[in-house]
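A.B. asks: What follows is a single structure, and I will ask about it in a moment.
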There are 2 protein chains.
Amino acid sequence: MPELPATRERILDAAEHAFMAHRYEGASMRQITGEAGVNLAAVNYHFGNKESLLHAVLKRRLDGLNQERLRVLDELEAAAAGAPLKPSQIVDAFFGTLLRMGAEPGGDTFMRLLGRILTEPAEFISVVLAQEYADVLERFKQALFHALPDVPREEIVWRFHFMLGATSYAIAGTDALRLVTDWQTEAADDGTDRLLPRLMSFLLGGLRAPLPEPPAKPKQRSRRKTP
Amino acid sequence: MPELPATRERILDAAEHAFMAHRYEGASMRQITGEAGVNLAAVNYHFGNKESLLHAVLKRRLDGLNQERLRVLDELEAAAAGAPLKPSQIVDAFFGTLLRMGAEPGGDTFMRLLGRILTEPAEFISVVLAQEYADVLERFKQALFHALPDVPREEIVWRFHFMLGATSYAIAGTDALRLVTDWQTEAADDGTDRLLPRLMSFLLGGLRAPLPEPPAKPKQRSRRKTP
DNA sequence: GTCTATATCATGATAGAC
DNA sequence: GTCTATCATGATATAGAC
């Protein structure tokens, strides 16, 4: 197929950049189509509406990312032959794969987009992400349960959530980082190369931290509310 | 002053709720003024524009929060009489004070608002937050430097940033959490009470994690680019 | 000082010619 | 498939009456 539909890809590229720079609500169709050099109506023709456009932008990259995550996890589990994996292996398969994808040639804009999108609580975005992530998160949760049999599952879920937060915030980029450092320049230019080991150390430290002591409520067992 | 200007406060309350529910761009002036039961133009009269309204909403609560944080830190340092504080004390003074504020009667909506706002990369919001947070962050950074003299300052800054991310994400609320857990109900209803110890364990584990090994680049000293 | 009514503008989406 | 012209809607902000 020599004649590739250039407009569709041009729109996706421009939209990815615009959503990254101005997030969903701030990016207008006119900005996107203008940057792509296509007509305003082309988005509606090819994707239907703005929401579906964002969905297509995310799906184009997330599919590859999550396939790669599952592939790495499968490989690790096959090599372990039933023995529990090390938590660091699982964390690296999930978060390391993400960060390494961001280090690839064009991957940084998508990584920043993802960081911003993950924190966007707009109604339909949560739905899209939940669909896209459901099975991957389930597989990784199970892997962590298996790797940390002594840690209550509830704690693992909470910590996975904290890890997602730290990562989203970290990859969402330099804007927020400006808050916490004024000598940002030094920290920023070696940024991506050293982000991975730094974040990994932090995440693992948090994952393996001593359990909090329960809030000393010995009563209150099996409370159920009828829905 | 018996006759308090009810409209101003009514607008602030309604705006806080609307910004929390729909974030900055999604909350319309009509929603806010409608919920407050005041005229559409009242916002512009009292606050000038929408940006200044958000600034006022944040300032009303952040002032108290940050004063309290500094008070706690001062108290700890006075008690230590020059000796280094424990990292857990500093982390608790910063993040614990925030989470405890959220546990107060009306504090939860502001806490969720703050979580969302902290991840919002809109241009002017970063400026507002940077102003509001500058001295507090500086003080806490210095306290951590003092408490962890063996850890490179650069690493501390990075980890502080990761901690902010995990916390923002955690308090931004239940929406994102739905991603990672489907038995969310169980985790959600004891939510706030147990969030604090859980998050604190995680943050401390990350803060004290072993340092990452440097990326094995023995060369490259004192690179400077002329600006 | 406070609110009513209105002005001005930008957005996403569509209809229909080419 | 692509374009031009246009629509309806909801946004912020202002001018002027009470």
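Ordering of the structure tokens sets the chain letters (A, B, ...); residue numbers start at 1 within each chain; ligands are numbered from 1 in the order shown.
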Residues of chain B within 12 Å of chain C, counting only C-alpha atoms (C1' of nucleotides) - could you list those as a list in words?
C.D. replies: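 Residues satisfying the distance criterion: Pro5, Thr7, Arg8, Val38, Asn39, Leu40, Ala41, Ala42, Val43, Asn44, Tyr45 and His46 of chain B.
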A.B. asks: I need the contact residues of chain B against chain D, so if you could list those with any atom within 10 Å, counting only C-alpha atoms (C1' of nucleotides), and return them as a CSV table (one decimal) with N, CA and C atoms, in the first residue's frame, that would help.
C.D. replies:
```csv
chain,number,residue,atom,x,y,z
B,28,SER,N,-17.9,26.2,34.9
B,28,SER,CA,-18.3,27.4,34.3
B,28,SER,C,-18.8,28.4,35.3
B,29,MET,N,-18.7,29.7,34.9
B,29,MET,CA,-19.2,30.7,35.8
B,29,MET,C,-20.7,30.6,36.1
B,30,ARG,N,-21.4,30.1,35.1
B,30,ARG,CA,-22.8,29.9,35.4
B,30,ARG,C,-23.1,28.8,36.4
B,41,ALA,N,-22.8,38.0,37.1
B,41,ALA,CA,-21.7,39.0,37.1
B,41,ALA,C,-21.1,39.3,38.4
B,44,ASN,N,-17.3,38.6,38.6
B,44,ASN,CA,-16.4,39.6,38.1
B,44,ASN,C,-16.3,40.8,38.9
B,48,GLY,N,-12.9,40.0,39.9
B,48,GLY,CA,-12.2,40.5,38.7
B,48,GLY,C,-12.4,39.5,37.5
B,49,ASN,N,-11.9,38.3,37.7
B,49,ASN,CA,-12.1,37.3,36.6
B,49,ASN,C,-12.0,35.9,37.2
B,50,LYS,N,-12.1,34.9,36.3
B,50,LYS,CA,-12.1,33.6,36.8
B,50,LYS,C,-10.8,33.1,37.4
```
A.B. asks: Please find the residues of chain A near chain B - the criterion being any atom within 6 Å, counting only C-alpha atoms - and write them as a list in words.
C.D. replies: Ala130, Phe162, Gly165, Ala166, Tyr169, Leu179, Pro197, Arg198, Ser201, Phe202, Gly205, Gly206, Ala209 and Pro212 of chain A
A.B. asks: Take the residues from that selection and put them in a file with N, CA and C atoms, as a short mmCIF file (atom, residue, chain, number, x, y, z; two decimals), in the first residue's frame.
C.D. replies:
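The result, written out as result.cif:
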```cif
data_model
loop_
_atom_site.label_atom_id
_atom_site.label_comp_id
_atom_site.auth_asym_id
_atom_site.auth_seq_id
_atom_site.Cartn_x
_atom_site.Cartn_y
_atom_site.Cartn_z
N ALA A 130 -9.81 3.11 31.77
CA ALA A 130 -10.17 1.89 32.46
C ALA A 130 -10.27 0.73 31.48
N PHE A 162 -0.24 4.34 44.79
CA PHE A 162 0.74 5.39 45.10
C PHE A 162 1.85 5.41 44.04
N GLY A 165 0.77 7.15 41.04
CA GLY A 165 0.74 8.59 41.25
C GLY A 165 2.11 9.21 41.13
N ALA A 166 3.08 8.63 41.80
CA ALA A 166 4.42 9.18 41.73
C ALA A 166 4.92 9.20 40.29
N TYR A 169 3.03 11.81 37.99
CA TYR A 169 3.51 13.13 38.31
C TYR A 169 4.92 13.36 37.76
N LEU A 179 8.17 23.60 40.63
CA LEU A 179 7.69 23.94 41.96
C LEU A 179 8.73 23.66 43.03
N PRO A 197 16.36 5.18 36.96
CA PRO A 197 16.86 4.56 38.18
C PRO A 197 16.38 5.27 39.44
N ARG A 198 16.26 6.57 39.37
CA ARG A 198 15.79 7.29 40.57
C ARG A 198 14.38 6.90 40.93
N SER A 201 14.15 3.29 42.29
CA SER A 201 14.55 3.16 43.68
C SER A 201 13.44 3.62 44.61
N PHE A 202 12.88 4.75 44.26
CA PHE A 202 11.83 5.30 45.11
C PHE A 202 10.63 4.36 45.17
N GLY A 205 11.38 1.26 47.17
CA GLY A 205 11.43 1.58 48.59
C GLY A 205 10.05 1.71 49.18
N GLY A 206 9.17 2.35 48.45
CA GLY A 206 7.80 2.49 48.94
C GLY A 206 7.07 1.17 48.96
N ALA A 209 8.20 -0.92 51.93
CA ALA A 209 8.26 -0.26 53.24
C ALA A 209 7.56 -1.11 54.28
N PRO A 212 2.17 -0.27 57.72
CA PRO A 212 1.69 0.64 58.78
C PRO A 212 0.97 -0.19 59.83
#
```
A.B. asks: Using Å and a single decimal, report how far atom CA of A:Arg112 sits from atom CA of B:Gly102.
C.D. replies: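 Spanning atom CA of B:Gly102 to atom CA of A:Arg112 is a straight-line distance of 29.0 Å.
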A.B. asks: What is the distance between atom CA of B:Val72 and atom CA of B:Ala56, in Å to one decimal?
C.D. replies: 24.6 Å
A.B. asks: Residues of chain B in helix (DSSP H, G or I) according to DSSP, as a tab-separated table (two decimals) with C-alpha atoms, in the first residue's frame?
C.D. replies:
```
chain	number	residue	atom	x	y	z
B	6	ALA	CA	-22.35	36.73	52.40
B	7	THR	CA	-22.03	36.75	48.63
B	8	ARG	CA	-18.25	36.66	48.60
B	9	GLU	CA	-18.11	33.63	50.84
B	10	ARG	CA	-20.99	31.95	49.05
B	11	ILE	CA	-19.13	32.36	45.78
B	12	LEU	CA	-15.92	31.00	47.28
B	13	ASP	CA	-17.67	27.93	48.65
B	14	ALA	CA	-19.47	27.23	45.41
B	15	ALA	CA	-16.32	27.80	43.39
B	16	GLU	CA	-14.31	25.47	45.60
B	17	HIS	CA	-16.84	22.75	45.07
B	18	ALA	CA	-17.20	23.34	41.34
B	19	PHE	CA	-13.44	23.48	40.74
B	20	MET	CA	-13.11	20.26	42.69
B	21	ALA	CA	-15.85	18.54	40.75
B	22	HIS	CA	-15.02	19.71	37.25
B	23	ARG	CA	-11.51	21.20	37.60
B	24	TYR	CA	-10.70	24.69	36.47
B	25	GLU	CA	-11.57	24.65	32.81
B	26	GLY	CA	-14.62	22.47	33.23
B	29	MET	CA	-19.18	30.72	35.79
B	30	ARG	CA	-22.84	29.87	35.35
B	31	GLN	CA	-22.48	26.71	37.39
B	32	ILE	CA	-20.64	28.54	40.14
B	33	THR	CA	-22.93	31.52	40.39
B	34	GLY	CA	-25.97	29.32	39.98
B	35	GLU	CA	-24.93	27.06	42.83
B	36	ALA	CA	-24.12	30.06	44.97
B	42	ALA	CA	-21.07	38.93	40.80
B	43	VAL	CA	-17.87	36.98	40.30
B	44	ASN	CA	-16.40	39.61	38.06
B	45	TYR	CA	-17.42	42.31	40.46
B	46	HIS	CA	-15.89	40.70	43.52
B	47	PHE	CA	-12.87	38.95	42.07
B	50	LYS	CA	-12.10	33.56	36.77
B	51	GLU	CA	-8.38	33.17	37.34
B	52	SER	CA	-8.41	35.49	40.31
B	53	LEU	CA	-11.36	33.55	41.68
B	54	LEU	CA	-9.38	30.33	41.67
B	55	HIS	CA	-6.47	32.16	43.25
B	56	ALA	CA	-8.75	33.38	46.03
B	57	VAL	CA	-10.17	29.92	46.57
B	58	LEU	CA	-6.73	28.41	46.93
B	59	LYS	CA	-5.34	31.20	49.04
B	60	ARG	CA	-8.15	31.02	51.55
B	61	ARG	CA	-7.11	27.49	52.54
B	62	LEU	CA	-3.45	27.30	51.59
B	63	ASP	CA	-2.53	30.16	53.87
B	64	GLY	CA	-3.76	28.28	56.89
B	65	LEU	CA	-2.30	24.99	55.77
B	66	ASN	CA	1.16	26.33	55.12
B	67	GLN	CA	1.22	28.37	58.30
B	68	GLU	CA	0.37	25.23	60.21
B	69	ARG	CA	3.08	23.31	58.43
B	70	LEU	CA	5.67	25.89	59.32
B	71	ARG	CA	4.44	26.07	62.88
B	72	VAL	CA	4.83	22.31	63.31
B	73	LEU	CA	8.27	22.38	61.76
B	74	ASP	CA	9.37	25.27	63.94
B	75	GLU	CA	8.14	23.45	66.99
B	76	LEU	CA	10.00	20.29	66.07
B	77	GLU	CA	13.19	22.16	65.39
B	78	ALA	CA	12.93	24.08	68.62
B	79	ALA	CA	12.50	20.85	70.53
B	80	ALA	CA	15.47	19.29	68.77
B	87	PRO	CA	12.95	12.25	58.34
B	88	SER	CA	9.65	10.83	59.50
B	89	GLN	CA	9.04	13.95	61.54
B	90	ILE	CA	9.58	16.18	58.56
B	91	VAL	CA	7.46	14.08	56.26
B	92	ASP	CA	4.71	14.08	58.81
B	93	ALA	CA	4.91	17.82	59.28
B	94	PHE	CA	4.44	18.36	55.57
B	95	PHE	CA	2.22	15.57	54.30
B	96	GLY	CA	0.62	14.57	57.57
B	97	THR	CA	-0.54	18.11	58.21
B	98	LEU	CA	-2.15	18.14	54.78
B	99	LEU	CA	-3.93	14.85	55.25
B	100	ARG	CA	-5.11	15.72	58.72
B	101	MET	CA	-6.55	18.94	57.35
B	102	GLY	CA	-8.51	16.84	54.91
B	103	ALA	CA	-9.97	14.86	57.77
B	107	GLY	CA	-11.63	19.80	54.55
B	108	ASP	CA	-12.15	16.91	52.19
B	109	THR	CA	-13.42	18.89	49.24
B	110	PHE	CA	-10.48	21.23	49.43
B	111	MET	CA	-8.07	18.34	49.71
B	112	ARG	CA	-9.44	16.78	46.55
B	113	LEU	CA	-9.36	20.14	44.84
B	114	LEU	CA	-5.74	20.54	45.77
B	115	GLY	CA	-4.89	17.11	44.44
B	116	ARG	CA	-6.40	17.95	41.11
B	117	ILE	CA	-4.99	21.43	40.96
B	118	LEU	CA	-1.50	20.21	41.73
B	123	GLU	CA	0.16	28.05	32.73
B	124	PHE	CA	-1.12	30.48	35.31
B	125	ILE	CA	-1.89	27.82	37.90
B	126	SER	CA	1.74	26.86	38.13
B	127	VAL	CA	2.60	30.47	38.77
B	128	VAL	CA	0.03	30.80	41.51
B	129	LEU	CA	1.15	27.62	43.24
B	130	ALA	CA	4.81	28.51	42.94
B	131	GLN	CA	4.19	31.83	44.68
B	132	GLU	CA	2.04	30.25	47.35
B	133	TYR	CA	4.41	27.39	48.08
B	134	ALA	CA	7.83	28.90	47.55
B	135	ASP	CA	8.95	29.54	51.09
B	136	VAL	CA	7.33	26.48	52.60
B	137	LEU	CA	9.02	24.17	50.13
B	138	GLU	CA	12.32	25.88	50.69
B	139	ARG	CA	12.07	25.41	54.43
B	140	PHE	CA	11.19	21.75	54.14
B	141	LYS	CA	13.93	21.10	51.63
B	142	GLN	CA	16.45	22.57	54.01
B	143	ALA	CA	15.08	20.49	56.85
B	144	LEU	CA	15.47	17.34	54.79
B	145	PHE	CA	18.99	18.28	53.75
B	146	HIS	CA	19.82	18.63	57.41
B	147	ALA	CA	18.11	15.42	58.38
B	153	ARG	CA	20.77	17.03	47.80
B	154	GLU	CA	19.81	16.39	44.23
B	155	GLU	CA	18.38	13.01	45.21
B	156	ILE	CA	16.39	14.54	48.03
B	157	VAL	CA	14.81	17.03	45.66
B	158	TRP	CA	13.86	14.28	43.27
B	159	ARG	CA	12.35	12.18	46.00
B	160	PHE	CA	10.45	15.09	47.42
B	161	HIS	CA	9.01	15.51	43.96
B	162	PHE	CA	8.00	11.86	43.78
B	163	MET	CA	6.39	12.17	47.19
B	164	LEU	CA	4.36	15.13	46.04
B	165	GLY	CA	3.21	13.09	43.07
B	166	ALA	CA	2.12	10.10	45.07
B	167	THR	CA	0.27	12.35	47.49
B	168	SER	CA	-1.42	14.49	44.86
B	169	TYR	CA	-2.63	11.42	43.10
B	170	ALA	CA	-3.79	9.82	46.31
B	171	ILE	CA	-5.82	12.76	47.51
B	172	ALA	CA	-7.14	13.61	44.06
B	174	THR	CA	-11.49	7.95	44.12
B	175	ASP	CA	-11.79	8.45	40.39
B	176	ALA	CA	-8.28	7.40	39.57
B	177	LEU	CA	-8.36	4.73	42.21
B	178	ARG	CA	-11.14	3.01	40.37
B	179	LEU	CA	-8.54	2.23	37.74
B	180	VAL	CA	-6.46	0.05	39.94
B	184	GLN	CA	-12.91	-0.34	45.37
B	185	THR	CA	-15.84	-0.26	47.77
B	186	GLU	CA	-13.89	-2.06	50.47
B	187	ALA	CA	-10.89	0.18	50.06
B	188	ALA	CA	-12.92	3.34	49.81
B	189	ASP	CA	-15.10	3.39	52.84
B	191	GLY	CA	-10.55	5.55	52.99
B	192	THR	CA	-9.45	8.64	54.75
B	193	ASP	CA	-8.74	7.23	58.19
B	194	ARG	CA	-6.33	4.64	56.90
B	195	LEU	CA	-4.94	6.65	54.03
B	196	LEU	CA	-2.63	8.63	56.26
B	197	PRO	CA	-0.66	5.73	57.79
B	198	ARG	CA	-0.55	3.91	54.48
B	199	LEU	CA	0.69	6.86	52.53
B	200	MET	CA	3.18	7.75	55.23
B	201	SER	CA	4.71	4.29	55.19
B	202	PHE	CA	5.00	4.42	51.45
B	203	LEU	CA	6.52	7.90	51.36
B	204	LEU	CA	9.06	7.09	54.03
B	205	GLY	CA	10.00	3.85	52.33
B	206	GLY	CA	10.64	5.73	49.13
B	207	LEU	CA	12.51	8.53	50.83
```
A.B. asks: As an exercise, work out the distance from atom CA of A:Val151 to atom CA of A:Leu85 in Å and give it to one decimal place.
C.D. replies: 14.6 Å
